[in-house]
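Below is coords_12.cif, holding mmCIF, C-alpha atoms.
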data_input
loop_
_atom_site.label_atom_id
_atom_site.label_comp_id
_atom_site.auth_asym_id
_atom_site.auth_seq_id
_atom_site.Cartn_x
_atom_site.Cartn_y
_atom_site.Cartn_z
CA MET A 6 0.00 0.00 0.00
CA LYS A 7 1.20 3.48 -0.84
CA TYR A 8 2.69 5.42 2.11
CA ILE A 9 3.07 2.16 4.05
CA ASP A 10 5.26 -0.27 2.11
CA GLU A 11 8.03 2.23 1.36
CA TYR A 12 8.35 3.01 5.08
CA ARG A 13 8.91 -0.69 5.79
CA ASP A 14 11.79 -0.94 3.33
CA ARG A 15 14.50 -3.19 4.75
CA GLU A 16 17.38 -1.62 2.86
CA ILE A 17 16.55 1.92 3.97
CA ALA A 18 16.12 0.69 7.55
CA GLN A 19 19.57 -0.91 7.40
CA ARG A 20 21.15 2.28 6.10
CA LEU A 21 19.49 4.24 8.90
CA LEU A 22 20.86 1.76 11.43
CA VAL A 23 24.39 2.15 10.06
CA LYS A 24 24.05 5.92 10.27
CA ILE A 25 22.70 5.73 13.84
CA ALA A 26 25.64 3.53 14.87
CA ARG A 27 28.07 6.07 13.36
CA GLN A 28 26.43 9.08 15.00
CA ALA A 29 25.98 7.60 18.48
CA GLN A 30 29.15 8.29 20.46
CA HIS A 31 27.44 8.18 23.87
CA PRO A 32 24.65 6.16 25.48
CA TRP A 33 21.23 7.85 25.29
CA VAL A 34 17.78 7.07 26.72
CA LEU A 35 14.92 7.93 24.37
CA MET A 36 11.18 7.58 24.93
CA GLU A 37 8.53 6.97 22.28
CA ILE A 38 5.31 8.41 23.65
CA CYS A 39 2.68 6.60 21.62
CA GLY A 40 1.60 2.99 22.12
CA GLY A 41 1.32 2.58 18.35
CA GLN A 42 5.01 3.43 18.08
CA THR A 43 5.82 0.96 20.89
CA HIS A 44 3.94 -1.72 18.98
CA THR A 45 5.98 -1.08 15.79
CA ILE A 46 9.26 -1.07 17.75
CA MET A 47 8.48 -4.45 19.32
CA ARG A 48 6.99 -5.97 16.18
CA TYR A 49 10.06 -5.18 14.09
CA GLY A 50 12.53 -5.61 16.96
CA LEU A 51 13.89 -2.11 16.33
CA ASP A 52 15.16 -1.76 19.91
CA GLU A 53 17.36 -4.83 19.42
CA LEU A 54 18.80 -3.51 16.17
CA LEU A 55 19.98 -0.24 17.71
CA PRO A 56 23.54 0.11 19.10
CA CYS A 57 23.64 -1.27 22.63
CA GLY A 58 23.96 2.13 24.34
CA ILE A 59 20.75 3.45 22.79
CA GLU A 60 17.83 2.55 25.03
CA LEU A 61 14.19 3.01 24.06
CA VAL A 62 11.76 3.32 26.96
CA HIS A 63 8.05 3.16 26.37
CA GLY A 64 5.77 6.05 27.22
CA PRO A 65 2.24 6.33 28.58
CA GLY A 66 0.61 6.91 25.16
CA CYS A 67 -1.98 4.15 25.28
CA PRO A 68 -5.39 5.62 26.18
CA VAL A 69 -6.83 2.20 27.00
CA CYS A 70 -3.98 1.66 29.48
CA VAL A 71 -4.35 4.98 31.29
CA THR A 72 -8.16 5.00 31.59
CA PRO A 73 -8.66 4.87 35.39
CA LEU A 74 -10.25 1.91 37.12
CA GLU A 75 -13.14 4.09 38.35
CA MET A 76 -14.04 4.93 34.74
CA ILE A 77 -14.07 1.23 33.77
CA ASP A 78 -16.32 0.63 36.80
CA LYS A 79 -18.68 3.36 35.58
CA ALA A 80 -18.85 1.75 32.12
CA VAL A 81 -19.54 -1.64 33.76
CA THR A 82 -22.33 -0.09 35.88
CA LEU A 83 -23.92 1.44 32.78
CA ALA A 84 -23.61 -1.74 30.71
CA THR A 85 -25.45 -3.79 33.35
CA ARG A 86 -28.52 -1.51 33.12
CA PRO A 87 -31.24 -3.06 30.95
CA ASP A 88 -32.25 0.32 29.51
CA VAL A 89 -28.72 1.08 28.24
CA ILE A 90 -26.79 0.13 25.12
CA LEU A 91 -23.11 0.74 25.85
CA VAL A 92 -21.06 1.45 22.74
CA SER A 93 -17.27 1.14 22.92
CA TYR A 94 -14.05 0.77 20.97
CA GLY A 95 -13.14 -2.93 21.06
CA ASP A 96 -9.94 -2.52 23.10
CA MET A 97 -11.87 -1.47 26.21
CA LEU A 98 -13.84 -4.70 26.62
CA ARG A 99 -11.17 -6.80 28.34
CA VAL A 100 -9.75 -4.04 30.53
CA PRO A 101 -10.23 -5.16 34.14
CA GLY A 102 -12.15 -2.78 36.41
CA SER A 103 -12.11 -3.21 40.18
CA LYS A 104 -14.80 -5.92 40.13
CA SER A 105 -15.53 -6.90 36.53
CA ASP A 106 -14.85 -6.07 32.90
CA LEU A 107 -17.14 -5.21 29.98
CA LEU A 108 -16.61 -8.53 28.22
CA SER A 109 -17.91 -10.42 31.28
CA VAL A 110 -20.93 -8.09 31.43
CA LYS A 111 -21.57 -8.77 27.74
CA ALA A 112 -21.32 -12.53 28.35
CA GLN A 113 -23.98 -12.14 31.06
CA GLY A 114 -26.35 -10.43 28.62
CA GLY A 115 -25.35 -6.78 28.82
CA ASP A 116 -26.02 -4.95 25.55
CA ILE A 117 -22.52 -3.81 24.58
CA ARG A 118 -21.77 -2.93 20.96
CA VAL A 119 -18.23 -2.66 19.61
CA VAL A 120 -17.69 0.03 16.99
CA TYR A 121 -14.84 1.22 14.81
CA SER A 122 -16.05 4.83 14.58
CA PRO A 123 -17.98 7.07 17.01
CA MET A 124 -20.40 7.88 14.17
CA GLN A 125 -21.67 4.30 14.46
CA ALA A 126 -22.70 5.10 18.04
CA VAL A 127 -24.82 7.99 16.75
CA GLN A 128 -26.40 5.66 14.19
CA ILE A 129 -27.17 3.10 16.92
CA ALA A 130 -28.90 5.86 18.93
CA GLN A 131 -30.97 6.84 15.87
CA ALA A 132 -31.98 3.22 15.29
CA ASN A 133 -32.93 2.60 18.96
CA PRO A 134 -35.01 5.60 20.10
CA GLN A 135 -36.46 3.64 23.06
CA ARG A 136 -33.05 2.85 24.56
CA ASP A 137 -30.35 5.03 26.11
CA VAL A 138 -27.18 4.78 24.05
CA VAL A 139 -23.93 5.64 25.86
CA PHE A 140 -20.66 5.93 23.96
CA PHE A 141 -17.47 5.30 25.97
CA ALA A 142 -15.41 8.22 24.63
CA ILE A 143 -11.76 7.51 25.35
CA GLY A 144 -8.60 8.56 23.56
CA PHE A 145 -5.90 11.16 23.14
CA GLU A 146 -6.09 14.30 21.01
CA THR A 147 -6.19 12.18 17.83
CA THR A 148 -9.53 10.65 18.79
CA ALA A 149 -10.98 13.78 20.44
CA PRO A 150 -12.16 15.42 17.16
CA PRO A 151 -14.10 12.32 15.95
CA ASN A 152 -15.64 11.83 19.41
CA ALA A 153 -16.48 15.56 19.62
CA MET A 154 -18.02 15.41 16.15
CA ALA A 155 -20.27 12.52 17.27
CA VAL A 156 -21.59 14.68 20.13
CA TRP A 157 -21.93 17.71 17.84
CA GLN A 158 -23.90 15.73 15.26
CA ALA A 159 -26.09 14.10 17.92
CA SER A 160 -26.86 17.62 19.13
CA ARG A 161 -27.74 18.83 15.62
CA LEU A 162 -29.90 15.74 15.06
CA GLY A 163 -31.73 16.49 18.33
CA LEU A 164 -31.00 13.04 19.77
CA THR A 165 -32.20 12.80 23.38
CA ASN A 166 -31.16 9.15 23.96
CA PHE A 167 -27.44 9.65 23.24
CA SER A 168 -24.73 10.44 25.78
CA VAL A 169 -21.00 9.97 26.24
CA LEU A 170 -18.87 8.68 29.11
CA VAL A 171 -15.83 10.92 28.58
CA SER A 172 -12.37 9.79 29.64
CA HIS A 173 -10.18 11.86 27.32
CA VAL A 174 -6.53 12.52 28.08
CA ILE A 175 -3.99 14.88 26.53
CA VAL A 176 -0.31 14.22 26.01
CA PRO A 177 1.81 17.31 26.88
CA PRO A 178 0.93 17.44 30.62
CA ALA A 179 2.06 13.81 30.97
CA ILE A 180 5.41 14.58 29.30
CA ARG A 181 5.78 17.61 31.57
CA LEU A 182 5.14 15.38 34.61
CA LEU A 183 7.70 12.78 33.47
CA LEU A 184 10.34 15.45 32.88
CA SER A 185 9.67 17.11 36.25
CA GLN A 186 10.13 13.94 38.28
CA PRO A 187 13.34 13.35 40.20
CA GLY A 188 15.22 10.44 38.67
CA ASN A 189 13.94 11.06 35.16
CA ARG A 190 16.20 9.17 32.71
CA VAL A 191 14.64 10.26 29.42
CA GLN A 192 16.92 12.50 27.33
CA GLY A 193 14.89 12.77 24.14
CA PHE A 194 11.32 12.13 23.00
CA ILE A 195 9.66 10.80 19.88
CA ALA A 196 6.40 12.76 19.93
CA PRO A 197 3.18 11.10 18.73
CA GLY A 198 2.68 11.81 15.02
CA HIS A 199 -1.08 11.55 14.90
CA VAL A 200 -1.68 13.59 18.05
CA CYS A 201 0.50 16.28 16.41
CA THR A 202 -1.38 15.87 13.10
CA VAL A 203 -4.41 17.20 15.00
CA MET A 204 -2.79 19.58 17.52
CA GLY A 205 0.24 20.84 15.60
CA ALA A 206 3.73 21.42 16.96
CA GLY A 207 3.26 24.40 19.29
CA GLU A 208 2.84 22.57 22.61
CA TYR A 209 5.96 20.47 21.92
CA LYS A 210 7.99 23.54 21.07
CA GLU A 211 7.06 24.85 24.54
CA LEU A 212 8.29 21.60 26.16
CA VAL A 213 11.59 21.84 24.25
CA CYS A 214 12.14 25.39 25.51
CA GLU A 215 10.98 24.67 29.07
CA PHE A 216 13.08 21.54 29.65
CA HIS A 217 15.79 21.94 27.01
CA VAL A 218 15.03 18.44 25.76
CA PRO A 219 15.09 17.39 22.08
CA ILE A 220 11.74 16.26 20.66
CA VAL A 221 11.16 14.77 17.20
CA ILE A 222 7.61 14.31 15.96
CA GLY A 223 7.66 10.79 14.57
CA GLY A 224 5.56 8.50 12.39
CA PHE A 225 4.57 4.91 12.98
CA GLU A 226 6.38 2.73 10.44
CA PRO A 227 9.84 1.23 11.09
CA VAL A 228 11.65 3.67 8.78
CA ASP A 229 9.81 6.60 10.40
CA LEU A 230 10.90 5.52 13.87
CA LEU A 231 14.52 4.82 12.92
CA GLN A 232 14.73 8.21 11.22
CA ALA A 233 13.27 9.85 14.34
CA VAL A 234 15.86 8.05 16.51
CA LEU A 235 18.63 9.24 14.19
CA MET A 236 17.38 12.84 14.35
CA LEU A 237 17.29 12.69 18.17
CA ILE A 238 20.80 11.23 18.40
CA GLU A 239 22.18 13.87 16.03
CA GLN A 240 20.67 16.56 18.26
CA LEU A 241 21.95 14.97 21.48
CA GLU A 242 25.47 14.43 20.13
CA ASP A 243 25.55 18.06 18.90
CA GLY A 244 24.26 19.32 22.26
CA ARG A 245 21.15 20.76 20.60
CA ALA A 246 17.57 20.70 21.94
CA GLU A 247 15.10 21.49 19.17
CA LEU A 248 11.70 20.45 17.93
CA GLU A 249 11.98 18.60 14.61
CA ASN A 250 9.28 17.02 12.49
CA GLN A 251 10.10 13.64 10.96
CA TYR A 252 6.41 13.01 10.10
CA SER A 253 6.01 16.08 7.90
CA ARG A 254 3.95 14.18 5.31
CA SER A 255 1.06 14.31 7.82
CA VAL A 256 1.93 16.95 10.46
CA LEU A 257 1.56 20.67 9.71
CA PRO A 258 2.96 23.19 12.25
CA GLU A 259 -0.56 24.44 13.01
CA GLY A 260 -2.12 20.96 13.07
CA ASN A 261 -5.59 20.34 11.66
CA VAL A 262 -7.53 23.55 12.22
CA PRO A 263 -11.11 22.22 11.70
CA ALA A 264 -10.35 19.24 13.97
CA ARG A 265 -8.95 21.50 16.70
CA SER A 266 -11.93 23.82 16.48
CA ILE A 267 -14.49 21.01 17.01
CA ILE A 268 -12.49 19.86 20.07
CA HIS A 269 -12.71 23.35 21.56
CA GLU A 270 -16.38 23.73 20.64
CA VAL A 271 -17.42 20.53 22.42
CA PHE A 272 -14.73 19.91 25.07
CA GLU A 273 -12.83 21.92 27.67
CA VAL A 274 -9.60 21.07 29.48
CA CYS A 275 -9.94 19.50 32.95
CA ASP A 276 -7.89 17.60 35.54
CA ARG A 277 -7.77 13.84 34.91
CA LYS A 278 -6.59 10.80 36.80
CA TRP A 279 -4.34 8.50 34.75
CA ARG A 280 -4.34 4.82 35.60
CA GLY A 281 -0.98 3.88 37.05
CA ILE A 282 0.19 7.50 37.26
CA GLY A 283 -2.45 9.33 39.31
CA PRO A 284 -4.08 12.73 38.90
CA ILE A 285 -2.42 15.12 36.43
CA PRO A 286 -3.65 18.73 36.41
CA GLN A 287 -5.18 19.99 33.14
CA SER A 288 -4.50 16.66 31.41
CA GLY A 289 -7.90 15.75 29.98
CA TYR A 290 -11.04 16.90 28.26
CA ARG A 291 -14.62 17.01 29.54
CA LEU A 292 -17.81 18.20 27.84
CA ARG A 293 -18.51 21.92 27.86
CA ARG A 294 -21.56 23.13 29.76
CA GLU A 295 -23.45 23.65 26.47
CA PHE A 296 -23.24 19.90 25.84
CA ALA A 297 -23.96 18.83 29.45
CA THR A 298 -27.14 16.99 28.42
CA PHE A 299 -24.86 14.52 26.60
CA ASP A 300 -22.80 13.81 29.74
CA ALA A 301 -23.51 10.21 30.82
CA GLU A 302 -22.01 10.77 34.29
CA GLN A 303 -24.57 13.51 34.96
CA ARG A 304 -27.45 11.79 33.23
CA PHE A 305 -27.06 8.58 35.23
CA GLY A 306 -25.66 10.12 38.43
CA LEU A 307 -22.54 7.97 38.28
CA ASP A 308 -20.16 8.23 41.19
CA GLU A 309 -17.72 5.37 41.73
CA PRO A 310 -15.43 5.44 44.76
CA GLY A 311 -11.68 5.54 44.20
CA VAL A 312 -10.11 2.08 44.05
CA GLU A 313 -6.61 0.65 44.32
CA GLU A 314 -4.66 -1.17 41.59
CA PRO A 315 -3.69 -4.83 42.18
CA ALA A 316 -0.60 -4.69 44.43
CA GLU A 317 1.53 -6.96 42.24
CA CYS A 318 1.02 -4.90 39.06
CA ILE A 319 3.91 -2.52 38.29
CA SER A 320 2.11 -0.83 35.38
CA ALA A 321 2.60 2.56 37.05
CA LEU A 322 6.36 2.21 36.62
CA VAL A 323 6.03 0.70 33.13
CA LEU A 324 3.83 3.59 31.98
CA GLN A 325 6.44 6.07 33.19
CA GLY A 326 9.29 4.23 31.49
CA LYS A 327 10.95 3.36 34.81
CA LYS A 328 10.57 -0.41 34.45
CA LYS A 329 10.28 -2.79 31.50
CA PRO A 330 7.40 -5.33 31.45
CA PRO A 331 9.65 -8.38 32.03
CA ASP A 332 10.82 -6.77 35.31
CA CYS A 333 7.38 -7.66 36.72
CA THR A 334 7.11 -10.93 38.66
CA ALA A 335 3.58 -11.49 37.31
CA PHE A 336 4.53 -10.93 33.63
CA GLY A 337 3.52 -13.89 31.47
CA VAL A 338 2.68 -15.96 34.57
CA ARG A 339 -0.23 -14.46 36.49
CA CYS A 340 -0.64 -11.61 33.98
CA THR A 341 -1.28 -12.44 30.32
CA PRO A 342 -3.51 -10.84 27.63
CA GLN A 343 -6.18 -13.43 28.52
CA THR A 344 -6.03 -12.68 32.26
CA PRO A 345 -4.53 -9.20 32.60
CA LEU A 346 -3.76 -7.70 36.00
CA GLY A 347 -3.18 -4.27 34.54
CA ALA A 348 -4.23 -2.39 31.45
CA PRO A 349 -0.86 -2.35 29.59
CA MET A 350 -1.35 -6.12 29.15
CA VAL A 351 -4.79 -5.61 27.57
CA SER A 352 -4.43 -3.24 24.68
CA SER A 353 -2.22 -4.44 21.82
CA GLU A 354 -0.54 -1.04 22.15
CA GLY A 355 0.23 -1.54 25.83
CA ALA A 356 3.92 -2.13 26.49
CA CYS A 357 3.26 -5.37 28.44
CA ALA A 358 1.10 -6.86 25.67
CA ALA A 359 3.67 -5.88 23.03
CA TYR A 360 6.45 -7.64 24.99
CA TYR A 361 4.18 -10.64 25.56
CA GLN A 362 3.29 -10.91 21.88
CA TYR A 363 6.75 -10.46 20.40
CA ARG A 364 9.29 -11.27 23.13
CA ARG A 365 7.98 -13.75 25.67
CA HIS A 366 9.73 -16.74 24.06
CA ALA A 367 13.05 -14.92 24.07
CA LEU A 368 12.89 -13.89 27.72
CA PRO A 369 14.57 -15.91 30.46
CA ARG A 370 11.98 -16.94 33.07
CA MET B 27 -5.47 3.57 19.48
CA CYS B 28 -4.08 6.59 17.62
CA LEU B 29 -3.61 4.39 14.58
CA ALA B 30 -4.29 6.10 11.25
CA ILE B 31 -4.06 4.43 7.87
CA PRO B 32 -3.42 6.09 4.48
CA GLY B 33 -6.11 5.63 1.83
CA LYS B 34 -6.99 7.19 -1.53
CA ILE B 35 -10.17 9.24 -1.95
CA ILE B 36 -12.33 7.80 -4.73
CA GLU B 37 -15.58 9.75 -4.24
CA ILE B 38 -16.76 12.81 -2.25
CA ASN B 39 -20.37 13.56 -1.17
CA GLY B 40 -22.07 16.14 1.05
CA SER B 41 -20.50 19.29 2.43
CA GLY B 42 -19.45 21.04 5.65
CA GLU B 43 -19.84 18.95 8.80
CA PHE B 44 -21.58 16.24 6.80
CA ARG B 45 -18.88 15.83 4.13
CA ILE B 46 -18.15 12.15 3.53
CA GLY B 47 -16.33 10.12 0.89
CA LYS B 48 -15.31 6.70 -0.29
CA VAL B 49 -11.68 5.88 0.43
CA ARG B 50 -9.70 2.91 -0.87
CA PHE B 51 -7.19 1.13 1.39
CA GLY B 52 -5.33 -1.41 -0.77
CA GLY B 53 -8.22 -3.51 -2.07
CA ILE B 54 -10.78 -2.40 0.53
CA MET B 55 -13.24 0.49 0.14
CA ARG B 56 -14.66 2.31 3.18
CA GLN B 57 -16.87 5.31 3.87
CA VAL B 58 -14.85 8.05 5.58
CA GLN B 59 -15.86 11.37 7.20
CA LEU B 60 -14.07 14.18 5.36
CA ASN B 61 -15.28 17.13 7.47
CA PHE B 62 -11.81 17.82 8.92
CA VAL B 63 -10.10 17.95 5.51
CA PRO B 64 -12.08 20.50 3.44
CA GLU B 65 -9.05 20.86 1.14
CA ALA B 66 -9.05 17.15 0.17
CA ARG B 67 -9.86 16.30 -3.44
CA ILE B 68 -10.57 13.05 -5.29
CA GLY B 69 -7.28 11.23 -5.82
CA ASP B 70 -5.66 12.63 -2.65
CA TYR B 71 -4.37 10.29 0.04
CA VAL B 72 -5.74 10.91 3.52
CA MET B 73 -4.72 9.51 6.94
CA VAL B 74 -7.85 7.89 8.41
CA HIS B 75 -8.45 7.44 12.15
CA VAL B 76 -11.67 5.89 13.57
CA GLY B 77 -13.48 6.62 10.30
CA PHE B 78 -12.34 10.26 10.01
CA ALA B 79 -9.67 11.70 7.71
CA ILE B 80 -7.33 13.73 9.96
CA SER B 81 -4.84 14.91 7.31
CA VAL B 82 -4.16 14.97 3.59
CA VAL B 83 -0.82 13.28 2.92
CA ASP B 84 1.58 15.86 1.49
CA ALA B 85 2.66 13.91 -1.62
CA GLU B 86 5.48 16.32 -2.51
CA ASP B 87 6.89 16.25 1.02
CA ALA B 88 6.66 12.46 1.18
CA GLN B 89 8.46 12.09 -2.16
CA HIS B 90 11.19 14.55 -1.17
CA THR B 91 11.82 12.85 2.19
CA TYR B 92 11.80 9.45 0.59
CA GLN B 93 14.38 10.49 -2.01
CA ILE B 94 16.65 11.69 0.79
CA LEU B 95 16.18 8.39 2.62
CA GLU B 96 16.80 6.37 -0.53
CA SER B 97 20.02 8.17 -1.39
CA MET B 98 21.21 8.36 2.21
CA GLY B 99 24.27 6.51 3.31
CA LEU B 100 24.91 4.71 0.03
CA LEU B 101 28.63 4.96 0.76
CA GLU B 102 28.37 4.37 4.49
CA ALA B 103 26.37 1.20 3.96
CA GLU B 104 29.35 -0.25 2.08
CA LEU B 105 31.66 0.28 5.06
CA PRO B 106 31.95 -2.05 8.02
CA PRO B 107 29.96 -0.92 11.07
CA PRO B 108 31.84 1.06 13.72
CA GLU B 109 32.89 -0.41 17.06
CA THR B 110 29.99 -0.81 19.46
CA LEU B 111 29.51 1.84 22.12
#
Exercise: express the given structure as structure tokens:
Amino acid sequence: MKYIDEYRDREIAQRLLVKIARQAQHPWVLMEICGGQTHTIMRYGLDELLPCGIELVHGPGCPVCVTPLEMIDKAVTLATRPDVILVSYGDMLRVPGSKSDLLSVKAQGGDIRVVYSPMQAVQIAQANPQRDVVFFAIGFETTAPPNAMAVWQASRLGLTNFSVLVSHVIVPPAIRLLLSQPGNRVQGFIAPGHVCTVMGAGEYKELVCEFHVPIVIGGFEPVDLLQAVLMLIEQLEDGRAELENQYSRSVLPEGNVPARSIIHEVFEVCDRKWRGIGPIPQSGYRLRREFATFDAEQRFGLDEPGVEEPAECISALVLQGKKKPPDCTAFGVRCTPQTPLGAPMVSSEGACAAYYQYRRHALPR
Amino acid sequence: MCLAIPGKIIEINGSGEFRIGKVRFGGIMRQVQLNFVPEARIGDYVMVHVGFAISVVDAEDAQHTYQILESMGLLEAELPPPETL
């Protein structure tokens, strides 16, 4: 396929690896933010092809993984109601809440529909006027415009049986938190190419200036990621800290203006709790007051108490790049994609699931 | 989750917030919301995420970058790799 196959070209990847090995005179710790990038790195074994001093640590950019337990519990509560159709992206179904998960509720007869696009949730609401249809709106800035557009269109269509359970998170505050922590090891970031496609480069430029850390906006194919690594290493070896855009075929400096404007029409920035990390100020979106009638939490009076993560799960440290999945005693034994203890083992973009899928046979147990 | 796949626009219908089109991904055709890419025309490639086009692929930029990548390190690739770190 055009714009995919050429970025998986083995020969170009090999040339990039040679160039990286020549440029890298010192050890460096780099973090890819996005779970999609983590998945590519593990799938193609890119981390093992890099010179041994270049370490890739995996960031918190998997929205399924950082959706807090309380929010999963709210979705489970809604899905058990006979008057509700809960509509969700497929990845959310196996994520364990504090007591149950959506797949178990579905197996017990809960009406849960898996969709690819939020517009399908609007269509389900139109087709079922007697039922309350709740869409579980999760995601980063990439998914915020489609989810906002679903609410906007439901509003224009005058739908009274449609609402959204919003658990949106935004990337820059999480990077700011990681960089502010004592003991931070990350020296350069590969920024998420599709988040930046929507939001543009401005917020990342601010991070570069604030923390004097190099950031390269990167794509998702192996050649994209190797080129982004090379660009970061060139900056680090030169002692530069700049924002560069490897993924310029998709990312404009100003982002996608219509997509940004629908986000700001429907959502406003709020504090959010991240699973495994905790509350981060100004790190999420919630519905604006004008769209409050579409807020499922208000409509159904949902209020779940705060709950603790399973004690054995080290996903908090994995999501912050402080530990690798195989460092966990439960990894591959008591925690597998079929029986996950924590969310990074659920989503295919979670670091634990990526290691399990591509590395578990190579790991000493 | 933030996955987006490039596809070629084959057909465009509607306008404004209700602008949609048919987009081909390899051999598969899908309906895609085009409201965020008002500049997109038939024949353009768009990056599609959860049924919405979020950008028009800059064909010139992609070609230019790719040429640099293709011609990069032709000499270096012939040389033995340096000592490990």
Give me, please, the distance in Å between CA of Val92 in chain A and CA of Asp78 in chain A, quoted to one decimal.
14.9 Å
Tell me, in Å to one decimal, how far CA of Pro64 in chain B is from CA of Gly289 in chain A.
27.3 Å
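If you count all atoms listed in the file and ignore residues fewer than 2 places along the chain from Ile46 in chain B, what sits within 12 Å of it is Met124 of chain A; Ile35, Ile36, Glu37, Ile38, Asn39, Gly40, Ser41, Gly42, Glu43, Phe44, Lys48, Val49, Arg56, Gln57, Val58, Gln59, Leu60, Asn61, Phe62, Val63, Pro64, Ala66, Arg67, Ile68, Gly77, Phe78 and Ala79 of chain B.
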Atoms to include: C-alpha atoms. Write the selected residues as a PDB file, in the coordinates of the input.
ATOM      1  CA  MET A 124     -20.400   7.880  14.170  1.00  0.00           C
TER       2      MET A 124
ATOM      3  CA  ILE B  35     -10.170   9.240  -1.950  1.00  0.00           C
ATOM      4  CA  ILE B  36     -12.330   7.800  -4.730  1.00  0.00           C
ATOM      5  CA  GLU B  37     -15.580   9.750  -4.240  1.00  0.00           C
ATOM      6  CA  ILE B  38     -16.760  12.810  -2.250  1.00  0.00           C
ATOM      7  CA  ASN B  39     -20.370  13.560  -1.170  1.00  0.00           C
ATOM      8  CA  GLY B  40     -22.070  16.140   1.050  1.00  0.00           C
ATOM      9  CA  SER B  41     -20.500  19.290   2.430  1.00  0.00           C
ATOM     10  CA  GLY B  42     -19.450  21.040   5.650  1.00  0.00           C
ATOM     11  CA  GLU B  43     -19.840  18.950   8.800  1.00  0.00           C
ATOM     12  CA  PHE B  44     -21.580  16.240   6.800  1.00  0.00           C
ATOM     13  CA  LYS B  48     -15.310   6.700  -0.290  1.00  0.00           C
ATOM     14  CA  VAL B  49     -11.680   5.880   0.430  1.00  0.00           C
ATOM     15  CA  ARG B  56     -14.660   2.310   3.180  1.00  0.00           C
ATOM     16  CA  GLN B  57     -16.870   5.310   3.870  1.00  0.00           C
ATOM     17  CA  VAL B  58     -14.850   8.050   5.580  1.00  0.00           C
ATOM     18  CA  GLN B  59     -15.860  11.370   7.200  1.00  0.00           C
ATOM     19  CA  LEU B  60     -14.070  14.180   5.360  1.00  0.00           C
ATOM     20  CA  ASN B  61     -15.280  17.130   7.470  1.00  0.00           C
ATOM     21  CA  PHE B  62     -11.810  17.820   8.920  1.00  0.00           C
ATOM     22  CA  VAL B  63     -10.100  17.950   5.510  1.00  0.00           C
ATOM     23  CA  PRO B  64     -12.080  20.500   3.440  1.00  0.00           C
ATOM     24  CA  ALA B  66      -9.050  17.150   0.170  1.00  0.00           C
ATOM     25  CA  ARG B  67      -9.860  16.300  -3.440  1.00  0.00           C
ATOM     26  CA  ILE B  68     -10.570  13.050  -5.290  1.00  0.00           C
ATOM     27  CA  GLY B  77     -13.480   6.620  10.300  1.00  0.00           C
ATOM     28  CA  PHE B  78     -12.340  10.260  10.010  1.00  0.00           C
ATOM     29  CA  ALA B  79      -9.670  11.700   7.710  1.00  0.00           C
TER      30      ALA B  79
END
Draw an axis-aligned box tight on the listed atoms of range 78-81 of chain A, then pad every side by 8 Å and write out centre and edge lengths in Å to one decimal as AutoDock Vina command-line options.
--center_x -17.9 --center_y 0.9 --center_z 34.5 --size_x 19.2 --size_y 21.0 --size_z 20.7
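Among the candidates B:His90, B:Arg45, B:Gly53, B:Met73, the residue lying nearest to Ala30 in chain B is B:Met73 (atoms considered: only C-alpha atoms).
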Taking all atoms listed in the file into account, find every residue of chain A that has an atom no more than 8 Å from chain B, and write it out as a PyMOL selection string.
chain A and resi 6-9+17+19-21+23-24+26-27+29-32+39-41+56-58+67-69+121-123+144-145+147-148+151+199-200+202-203+253-256+261-264+354
So that I can check the surroundings of Arg265 in chain A, please list as a tab-separated table (two decimals) with C-alpha atoms, keeping the file's coordinate frame every protein, DNA and RNA residue that reaches within 9 Å of it, counting all atoms listed in the file and ignoring chain neighbours fewer than 5 positions away.
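New file out26.tsv:
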chain	number	residue	atom	x	y	z
A	146	GLU	CA	-6.09	14.30	21.01
A	149	ALA	CA	-10.98	13.78	20.44
A	150	PRO	CA	-12.16	15.42	17.16
A	203	VAL	CA	-4.41	17.20	15.00
A	204	MET	CA	-2.79	19.58	17.52
A	260	GLY	CA	-2.12	20.96	13.07
A	270	GLU	CA	-16.38	23.73	20.64
On this file, the PyMOL selection byres ((chain A and resi 304-320) around 10) gives some set of residues; write that set as a PyMOL selection string.
chain A and resi 65+70-71+73-80+82-83+102-103+168-170+280-282+297-303+321-330+332-336+339-340+345-350+355-357
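Closest to Glu16 in chain A among A:Val228, A:Leu235, A:Ile222, A:Ala367 is A:Val228, based on only C-alpha atoms.
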Evaluate the PyMOL selection byres ((chain A and resi 54) around 10) against this structure - the residues, as a JSON list (two decimals) with C-alpha atoms, in the frame of the given file, please.
[["chain", "number", "residue", "atom", "x", "y", "z"],
["A", 18, "ALA", "CA", 16.12, 0.69, 7.55],
["A", 19, "GLN", "CA", 19.57, -0.91, 7.40],
["A", 22, "LEU", "CA", 20.86, 1.76, 11.43],
["A", 26, "ALA", "CA", 25.64, 3.53, 14.87],
["A", 46, "ILE", "CA", 9.26, -1.07, 17.75],
["A", 49, "TYR", "CA", 10.06, -5.18, 14.09],
["A", 50, "GLY", "CA", 12.53, -5.61, 16.96],
["A", 51, "LEU", "CA", 13.89, -2.11, 16.33],
["A", 52, "ASP", "CA", 15.16, -1.76, 19.91],
["A", 53, "GLU", "CA", 17.36, -4.83, 19.42],
["A", 55, "LEU", "CA", 19.98, -0.24, 17.71],
["A", 56, "PRO", "CA", 23.54, 0.11, 19.10],
["A", 57, "CYS", "CA", 23.64, -1.27, 22.63],
["A", 59, "ILE", "CA", 20.75, 3.45, 22.79],
["A", 231, "LEU", "CA", 14.52, 4.82, 12.92]]
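Going from CA of Thr165 in chain A to CA of Asp137 in chain A covers 8.4 Å.
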